[in-house]
Amino acid sequence: MAATRTTAASSVLSSSSSSASASAAKVEAEATSSSLQLGETKAGPKPLIQEPAVMTVDDSAALDAMARDFDEFGSDSDSDDGIEVGSEARPDGECGMARPPTALLSDDSEDVAGVVTQVRAAMLVGQGEAIVEVGVDADGAAEGLTMEQLEDALEVLEERAATELEAQMTRLRVREVEGGAVAEVLVRALPSAAEFCEIRVAVVGNVDSGKSTLLGVLTRGKLDDGRGAARSCVFRHSHEIESGRTSSISQEILGYDAGAEIVNYTFERTPSWSAICVASSKVITFLDLAGHERYLKTTLFGLTGMNPSYAMMMVGANAGVIGMTKEHMSIALALKVPVYMVVTKIDMAPPNVLKRTLRQLSKLVKSPGARKVPIVVKTMDDVVVAARSFLMHRICPIFLVSNVTGENLDLLRAFINLLPARTEWSQLTEAPAEVCIDDTFSVPGVGCVVSGTVLSGGVTAGDSLLLGPNAFGAFEPVTIKSIEVRRHPTKAVTAGRSASFALKKIKRSAIRKGMRLLAAELEPQAVWQFEAEILILYHSTTISRAYEAVVHCGNVRQVAKIIDIVSACDATGAPLADADMPSDARDLVLRTGMRAKVIFRFLYAPEYLPVGSRLIFRDGRTKGVGRVLTCLADPVDVGPIRPSDRRAASKARAASKRVGRPADGAAAAGTQPVATAGSSSQRRKKRGKKQKTVIKPISVA
C-alpha cells in the first residue's frame, strides 16, 4: 500500500494508507528458486547487505534513505500486476497539488482551504486517517520551517481539522533537516464523524512463543505474572486453560480513539466489544491462531478464510526459530500478507541467546523465499518511519518485548496504532455483494447467525442474497434479518468489514464450510474441477497424476485430486528440457521448485472459487501454493467419490490379491465383491459359528 501524498508548499500530506496492488508488488513472498524452504541459503554472490546481521535504526534519516530506494534488493517482476519489484511506482491515491510556500501560514483562505481539501482526500483513502508532513515541498524534499513557523502551521492545521474535518490531530515527531524542522502528525476522524477503521492482524508463531500472553497484555493493559495469568483471559475452552495451548481461532480487539489513546484501558472493568467500538476511531482485530503442528489446518483457515491485513510473527527469545515458525512464515508470505516480528521473553533470555535468535531471524528474513531487510525498532522515531515504510518497501520490523516487565511494549502499541488500512476496499464498494463465511452460531431467539468478511459491495439489513453452495452445488436465497459489527448493531456494512448476519428461516445444520453470501447478479456456480497454476514449495519425492492433497482456498477446505498436469517448467520458469520430458505426457511428475499448470478435482462436494484466488495445498505440512486460473465446466458423469464406493473398490482389490485374479470391474464401480473360498467374509462366518462341546465318558479301571 503506497502512501497517499499531497503537497501544500510548506506541507505535504501523506496518507498512512496504501493499496494492496502496490503492496503485492512491494512485498514479494513467493519462493523463486529450487531452495524454497525458508531459512535455507544457496551458493552464489555475496549479499549486498553485510554485517551487522540485523540492521538497527539508530539514525532515522538513514532509514528514510533506505526506505526510498530498495532497487538493490531485487528487480524481479510480480506476475500478478506486472509492477517491477523495487521500482519507484507512483502510489495509488497520490495527489500532486502544489501550494504557495506559506499555505498554512497565509491569510489567503483559498490556500488554507486547498490544504484542508487535500487532507480530506487523504483521509478518505486512509479510511478516516492520514499522516501529514509539514515542512516538505511539492517534490517531497524536506525544506523545513523555523520552529516558530512550524508551531503556527500546526496550530492552524489542528484548528481546521477540528472544525472542518471533524478530526483530531496528534503530533508524532519533529525531525531536524538542513533548512529547519519537519513535523509529522496523525489526523484521525472522531468516532462520531465516521465509522471506525478496522484492521485484522493474524498472530502466528510456534507453540509456547507467547502469542496468547501478548494479546492478553495488549488488550487488558495488565502485565503477565510469568505463570500464564494474561493468556487465561483470551482462551475459549477449558482444555486450552489446562494445557496452556491454543487449539481454536480466538479473536481479541484493541481500540484507539482519535487521539491515538487505547480505549480498552479507559474502563475500570473489562469493557464489552460494543463499548470499545463505540468509543474507537480505529479497531485492531487480533486473530489468535494455533501454534502446534496438530492444529495446522486451523491456522491455515485463519490465514486464508479470515482475510487478515497483517501477520504478527511471534518468536520466543529463549527458543529461537524452531518448530512451526518457518512454516507459518512461508504461508503468510505465499498469501502476500505483510509480516512483522515480535521477539518475546527477552527478560529471561541471556544476551548470547538473544543474539543467536536475532541471527536466526536475520537468516530467515533474508532467505530466498522472503528477501526482506530486518529492522530492529528501538525508538519512537523508528516506529513512525517503520510504519510508513512497511508496505512500500521490503522491510520487516522486529520488536523486542517482555510481557512480564513491559519493556518496549509502548513501541509495539504505537506501531499497531499507525498500521495503515488496506485501500483496495474502497475500490470494491460498488461491486456486487460477496461475503466469505468463517463461522456459524445458533442464538436463542434469533436463529442461525453467520460471521464473515465482506469481500466486495455492501450488505444492508433486509437484503436478499444467495447462500451456497450446499453439498449438491446449489445456492439458496436467504434474507438478512439483522447485522452486528463486533457485537454492535448496525444497519449496513461495506467491503473490508467483518460482521455477523442473522439469516431468516435457515438452520445452522444447513451451513457447511466453504459457503458464501453472494448477490444474485453474480450468477454463481459451484464447480468440481478447476485449473490452477502452482508452485511446489517442498516435496520429499515427486507429485504426479492422482496425487491427493487438502486444498485451502479462502474459506474452502477440501481434499482434491490432480487429474491432469497440463504443463510444467523448472524453478527458473524455463520449459523442461527434452531429456526431462517423458514419452507419455501422463507420466509427467513434479518436484520441489517446479511450476506447473494442473487440473484439480474435488472429491466430496463442488465449491465456489473466484478466479484469481490464492490457494495452498498440503498433505501434512504445506507442499505448494498456487492461484486459480479457470473454473472448468464439469462433464456429465462427474460426481462425488463416495466413501462407500472407495471402500468397495478397496475390498475388491484386496480380494483379488488373495485369490490371484484382477479385481472385478463391477466391484470397483461400487458393488460388493463376490465371496470366494478364501474371502474374508467366509472366514468371519466360520469364526462366528458356535463350536459344539462333546463330553466323552472316562472309563475307570
# chains A, B, ... in the order shown; residues from 1 in each chain; ligands from 1
>>> select_by_dssp(residues="stretch 107-266 of chain A", states="strand (DSSP E or B)", output="PyMOL selection string")
chain A and resi 129-134+136+142+145+167-177+180-189+197-205+250-256+262
>>> write_last_selection(atoms="C-alpha atoms", output="PDB file, in the first residue's frame")
ATOM      1  CA  GLU A 129      -6.963   8.796   8.967  1.00  0.00           C
ATOM      2  CA  ALA A 130      -3.869  10.263   7.302  1.00  0.00           C
ATOM      3  CA  ILE A 131      -0.289  11.106   8.213  1.00  0.00           C
ATOM      4  CA  VAL A 132       0.566  14.708   7.311  1.00  0.00           C
ATOM      5  CA  GLU A 133       4.080  16.075   6.801  1.00  0.00           C
ATOM      6  CA  VAL A 134       4.545  19.782   7.451  1.00  0.00           C
ATOM      7  CA  VAL A 136       8.077  19.458   2.797  1.00  0.00           C
ATOM      8  CA  ALA A 142      12.391  18.365   3.235  1.00  0.00           C
ATOM      9  CA  LEU A 145      10.479  25.579   8.665  1.00  0.00           C
ATOM     10  CA  ALA A 167     -10.976  15.064  13.292  1.00  0.00           C
ATOM     11  CA  GLN A 168      -8.218  15.294  15.867  1.00  0.00           C
ATOM     12  CA  MET A 169      -4.548  15.936  15.200  1.00  0.00           C
ATOM     13  CA  THR A 170      -1.819  14.046  17.084  1.00  0.00           C
ATOM     14  CA  ARG A 171       1.847  15.025  16.834  1.00  0.00           C
ATOM     15  CA  LEU A 172       4.059  12.069  16.036  1.00  0.00           C
ATOM     16  CA  ARG A 173       7.570  13.519  15.752  1.00  0.00           C
ATOM     17  CA  VAL A 174       9.612  16.565  14.750  1.00  0.00           C
ATOM     18  CA  ARG A 175      12.879  15.955  12.911  1.00  0.00           C
ATOM     19  CA  GLU A 176      15.636  18.374  12.103  1.00  0.00           C
ATOM     20  CA  VAL A 177      16.574  18.982   8.451  1.00  0.00           C
ATOM     21  CA  GLY A 180      14.836  23.889   9.698  1.00  0.00           C
ATOM     22  CA  ALA A 181      12.379  21.314  11.054  1.00  0.00           C
ATOM     23  CA  VAL A 182       9.736  18.986   9.614  1.00  0.00           C
ATOM     24  CA  ALA A 183       6.789  17.682  11.632  1.00  0.00           C
ATOM     25  CA  GLU A 184       4.755  14.537  11.075  1.00  0.00           C
ATOM     26  CA  VAL A 185       1.254  14.457  12.544  1.00  0.00           C
ATOM     27  CA  LEU A 186      -1.630  12.000  12.528  1.00  0.00           C
ATOM     28  CA  VAL A 187      -5.066  13.338  11.578  1.00  0.00           C
ATOM     29  CA  ARG A 188      -7.831  10.885  12.530  1.00  0.00           C
ATOM     30  CA  ALA A 189     -11.610  11.252  12.353  1.00  0.00           C
ATOM     31  CA  CYS A 197     -11.398   1.809  10.658  1.00  0.00           C
ATOM     32  CA  GLU A 198     -10.910  -1.948  11.089  1.00  0.00           C
ATOM     33  CA  ILE A 199      -7.633  -3.846  10.618  1.00  0.00           C
ATOM     34  CA  ARG A 200      -7.257  -7.591  11.118  1.00  0.00           C
ATOM     35  CA  VAL A 201      -3.927  -8.946  12.373  1.00  0.00           C
ATOM     36  CA  ALA A 202      -3.216 -12.689  12.406  1.00  0.00           C
ATOM     37  CA  VAL A 203      -0.984 -13.740  15.322  1.00  0.00           C
ATOM     38  CA  VAL A 204       1.162 -16.710  14.275  1.00  0.00           C
ATOM     39  CA  GLY A 205       4.263 -18.459  15.538  1.00  0.00           C
ATOM     40  CA  SER A 250      -9.974 -16.736  19.156  1.00  0.00           C
ATOM     41  CA  GLN A 251     -10.416 -13.036  18.495  1.00  0.00           C
ATOM     42  CA  GLU A 252      -9.489 -10.025  20.617  1.00  0.00           C
ATOM     43  CA  ILE A 253      -9.940  -6.342  19.757  1.00  0.00           C
ATOM     44  CA  LEU A 254      -7.881  -3.272  20.617  1.00  0.00           C
ATOM     45  CA  GLY A 255      -9.448   0.155  20.098  1.00  0.00           C
ATOM     46  CA  TYR A 256      -7.749   3.518  19.500  1.00  0.00           C
ATOM     47  CA  ILE A 262      -6.084   2.982  23.734  1.00  0.00           C
TER      48      ILE A 262
END
>>> closest_atom_pairs(of="stretch 397-449 of chain A", to="stretch 513-522 of chain A", cutoff="12 Å", atoms="only C-alpha atoms", output="JSON lines")
{"residue": "A:Ala431", "atom": "CA", "partner": "A:Ala519", "partner_atom": "CA", "distance": 9.6}
{"residue": "A:Pro432", "atom": "CA", "partner": "A:Ala519", "partner_atom": "CA", "distance": 5.8}
{"residue": "A:Ala433", "atom": "CA", "partner": "A:Ala519", "partner_atom": "CA", "distance": 5.2}
{"residue": "A:Glu434", "atom": "CA", "partner": "A:Leu518", "partner_atom": "CA", "distance": 4.6}
{"residue": "A:Val435", "atom": "CA", "partner": "A:Leu517", "partner_atom": "CA", "distance": 4.9}
{"residue": "A:Cys436", "atom": "CA", "partner": "A:Arg516", "partner_atom": "CA", "distance": 5.0}
{"residue": "A:Ile437", "atom": "CA", "partner": "A:Arg516", "partner_atom": "CA", "distance": 5.5}
{"residue": "A:Asp438", "atom": "CA", "partner": "A:Lys513", "partner_atom": "CA", "distance": 7.6}
{"residue": "A:Asp439", "atom": "CA", "partner": "A:Lys513", "partner_atom": "CA", "distance": 8.4}
{"residue": "A:Thr440", "atom": "CA", "partner": "A:Lys513", "partner_atom": "CA", "distance": 9.5}
>>> write_last_selection(atoms="N, CA and C atoms", output="compact mmCIF listing (two decimals), in the first residue's frame")
# COMPACT_ATOMS: atom_id res chain seq x y z
N ALA A 431 -19.07 -2.87 -6.21
CA ALA A 431 -19.21 -4.19 -6.82
C ALA A 431 -20.35 -4.96 -6.17
N PRO A 432 -20.83 -6.03 -6.80
CA PRO A 432 -21.88 -6.85 -6.17
C PRO A 432 -21.41 -7.43 -4.84
N ALA A 433 -22.35 -7.63 -3.95
CA ALA A 433 -22.03 -8.08 -2.59
C ALA A 433 -21.50 -9.50 -2.59
N GLU A 434 -20.47 -9.72 -1.76
CA GLU A 434 -19.90 -11.05 -1.56
C GLU A 434 -19.36 -11.13 -0.15
N VAL A 435 -19.81 -12.13 0.60
CA VAL A 435 -19.41 -12.31 1.99
C VAL A 435 -18.82 -13.71 2.14
N CYS A 436 -17.62 -13.78 2.68
CA CYS A 436 -16.93 -15.05 2.93
C CYS A 436 -17.24 -15.49 4.36
N ILE A 437 -17.96 -16.58 4.53
CA ILE A 437 -18.41 -17.04 5.85
C ILE A 437 -17.29 -17.83 6.52
N ASP A 438 -16.97 -17.48 7.78
CA ASP A 438 -15.92 -18.18 8.50
C ASP A 438 -16.40 -18.85 9.78
N ASP A 439 -17.64 -18.59 10.23
CA ASP A 439 -18.12 -19.23 11.46
C ASP A 439 -19.64 -19.16 11.50
N THR A 440 -20.24 -20.03 12.28
CA THR A 440 -21.70 -20.07 12.43
C THR A 440 -22.05 -20.15 13.91
>>> select_by_dssp(residues="stretch 157-286 of chain A", states="alpha helix (DSSP H)", output="compact mmCIF listing (two decimals) with N, CA and C atoms, in the first residue's frame")
# COMPACT_ATOMS: atom_id res chain seq x y z
N LEU A 157 -3.44 23.89 11.34
CA LEU A 157 -3.91 22.58 10.89
C LEU A 157 -4.77 21.91 11.96
N GLU A 158 -4.40 22.04 13.22
CA GLU A 158 -5.19 21.43 14.29
C GLU A 158 -6.56 22.07 14.40
N GLU A 159 -6.61 23.40 14.24
CA GLU A 159 -7.90 24.10 14.32
C GLU A 159 -8.80 23.71 13.16
N ARG A 160 -8.24 23.69 11.95
CA ARG A 160 -9.05 23.32 10.78
C ARG A 160 -9.48 21.86 10.84
N ALA A 161 -8.64 20.98 11.37
CA ALA A 161 -9.01 19.58 11.48
C ALA A 161 -10.21 19.39 12.40
N ALA A 162 -10.25 20.18 13.49
CA ALA A 162 -11.35 20.05 14.44
C ALA A 162 -12.64 20.64 13.92
N THR A 163 -12.55 21.78 13.21
CA THR A 163 -13.76 22.49 12.79
C THR A 163 -14.31 22.00 11.46
N LYS A 211 2.07 -16.01 22.17
CA LYS A 211 1.04 -15.33 21.36
C LYS A 211 -0.15 -14.90 22.22
N SER A 212 -0.76 -15.84 22.90
CA SER A 212 -1.94 -15.53 23.72
C SER A 212 -1.59 -14.62 24.88
N THR A 213 -0.41 -14.79 25.45
CA THR A 213 0.01 -13.93 26.57
C THR A 213 0.15 -12.49 26.11
N LEU A 214 0.75 -12.25 24.96
CA LEU A 214 0.89 -10.89 24.46
C LEU A 214 -0.46 -10.25 24.18
N LEU A 215 -1.40 -11.01 23.61
CA LEU A 215 -2.73 -10.46 23.34
C LEU A 215 -3.43 -10.11 24.65
N GLY A 216 -3.28 -10.96 25.66
CA GLY A 216 -3.88 -10.64 26.95
C GLY A 216 -3.30 -9.37 27.55
N VAL A 217 -1.99 -9.15 27.39
CA VAL A 217 -1.36 -7.95 27.92
C VAL A 217 -1.79 -6.71 27.12
N LEU A 218 -1.84 -6.82 25.80
CA LEU A 218 -2.20 -5.67 24.96
C LEU A 218 -3.65 -5.25 25.16
N THR A 219 -4.57 -6.20 25.22
CA THR A 219 -5.99 -5.86 25.29
C THR A 219 -6.47 -5.58 26.70
N ARG A 220 -5.80 -6.10 27.72
CA ARG A 220 -6.23 -5.87 29.11
C ARG A 220 -5.43 -4.77 29.79
N SER A 238 -11.91 -24.89 28.08
CA SER A 238 -11.30 -25.29 29.35
C SER A 238 -10.02 -26.09 29.12
N HIS A 239 -9.98 -26.91 28.06
CA HIS A 239 -8.77 -27.70 27.82
C HIS A 239 -7.61 -26.79 27.40
N GLU A 240 -7.90 -25.62 26.83
CA GLU A 240 -6.84 -24.68 26.50
C GLU A 240 -6.24 -24.09 27.76
N ILE A 241 -7.09 -23.81 28.74
CA ILE A 241 -6.59 -23.27 30.01
C ILE A 241 -5.74 -24.31 30.73
N GLU A 242 -6.15 -25.58 30.66
CA GLU A 242 -5.40 -26.63 31.34
C GLU A 242 -4.04 -26.88 30.68
N SER A 243 -4.04 -26.91 29.35
CA SER A 243 -2.79 -27.22 28.64
C SER A 243 -1.95 -25.98 28.36
N TRP A 273 -17.14 -5.57 23.74
CA TRP A 273 -16.71 -5.19 22.41
C TRP A 273 -17.53 -4.02 21.88
N SER A 274 -18.80 -4.00 22.19
CA SER A 274 -19.66 -2.92 21.72
C SER A 274 -19.21 -1.58 22.30
N ALA A 275 -18.86 -1.56 23.59
CA ALA A 275 -18.40 -0.32 24.22
C ALA A 275 -17.09 0.16 23.61
N ILE A 276 -16.20 -0.78 23.29
CA ILE A 276 -14.92 -0.40 22.67
C ILE A 276 -15.15 0.19 21.28
N CYS A 277 -16.01 -0.42 20.50
CA CYS A 277 -16.25 0.05 19.13
C CYS A 277 -16.90 1.43 19.11
N VAL A 278 -17.80 1.69 20.05
CA VAL A 278 -18.48 2.99 20.08
C VAL A 278 -17.49 4.12 20.36
N ALA A 279 -16.51 3.88 21.20
CA ALA A 279 -15.57 4.93 21.60
C ALA A 279 -14.31 4.97 20.75
>>> residues_around(residues="stretch 293-301 of chain A", least_positions_apart="6", cutoff="12 Å", atoms="only C-alpha atoms", output="ChimeraX atom specification")
/A:202-207,245-250,287,307-308,311,322-332,334-335,436-439,513-514,550-558,615-622
>>> residues_around(residues="A:Gly458", least_positions_apart="3", cutoff="7 Å", atoms="only C-alpha atoms", output="PyMOL selection string")
chain A and resi 429+433+493-495
>>> atom_distance(atom1="atom CA of A:Ser362", atom2="atom CA of A:Asp410")
23.5 Å
>>> residues_around(residues="A:Val450", least_positions_apart="6", cutoff="12 Å", atoms="only C-alpha atoms", output="ChimeraX atom specification")
/A:435-443,467,480-485,498-504,506-513,515-517
>>> closest_residue(among="A:Val339, A:Ala414, A:Ser451, A:Ala461", to="A:Cys396", atoms="only C-alpha atoms")
A:Val339
>>> atom_distance(atom1="atom CA of A:Lys366", atom2="atom CA of A:Leu333")
12.7 Å
>>> closest_residue(among="A:Asn318, A:Thr266, A:Thr304, A:Ser464", to="A:Val625", atoms="only C-alpha atoms")
A:Thr304
>>> atom_distance(atom1="atom CA of A:Phe415", atom2="atom CA of A:Ala387")
6.2 Å
>>> residues_around(residues="A:Val116", least_positions_apart="2", cutoff="10 Å", atoms="only C-alpha atoms", output="PyMOL selection string")
chain A and resi 8+13+104+110-114+118-122+157+160-161+164-165
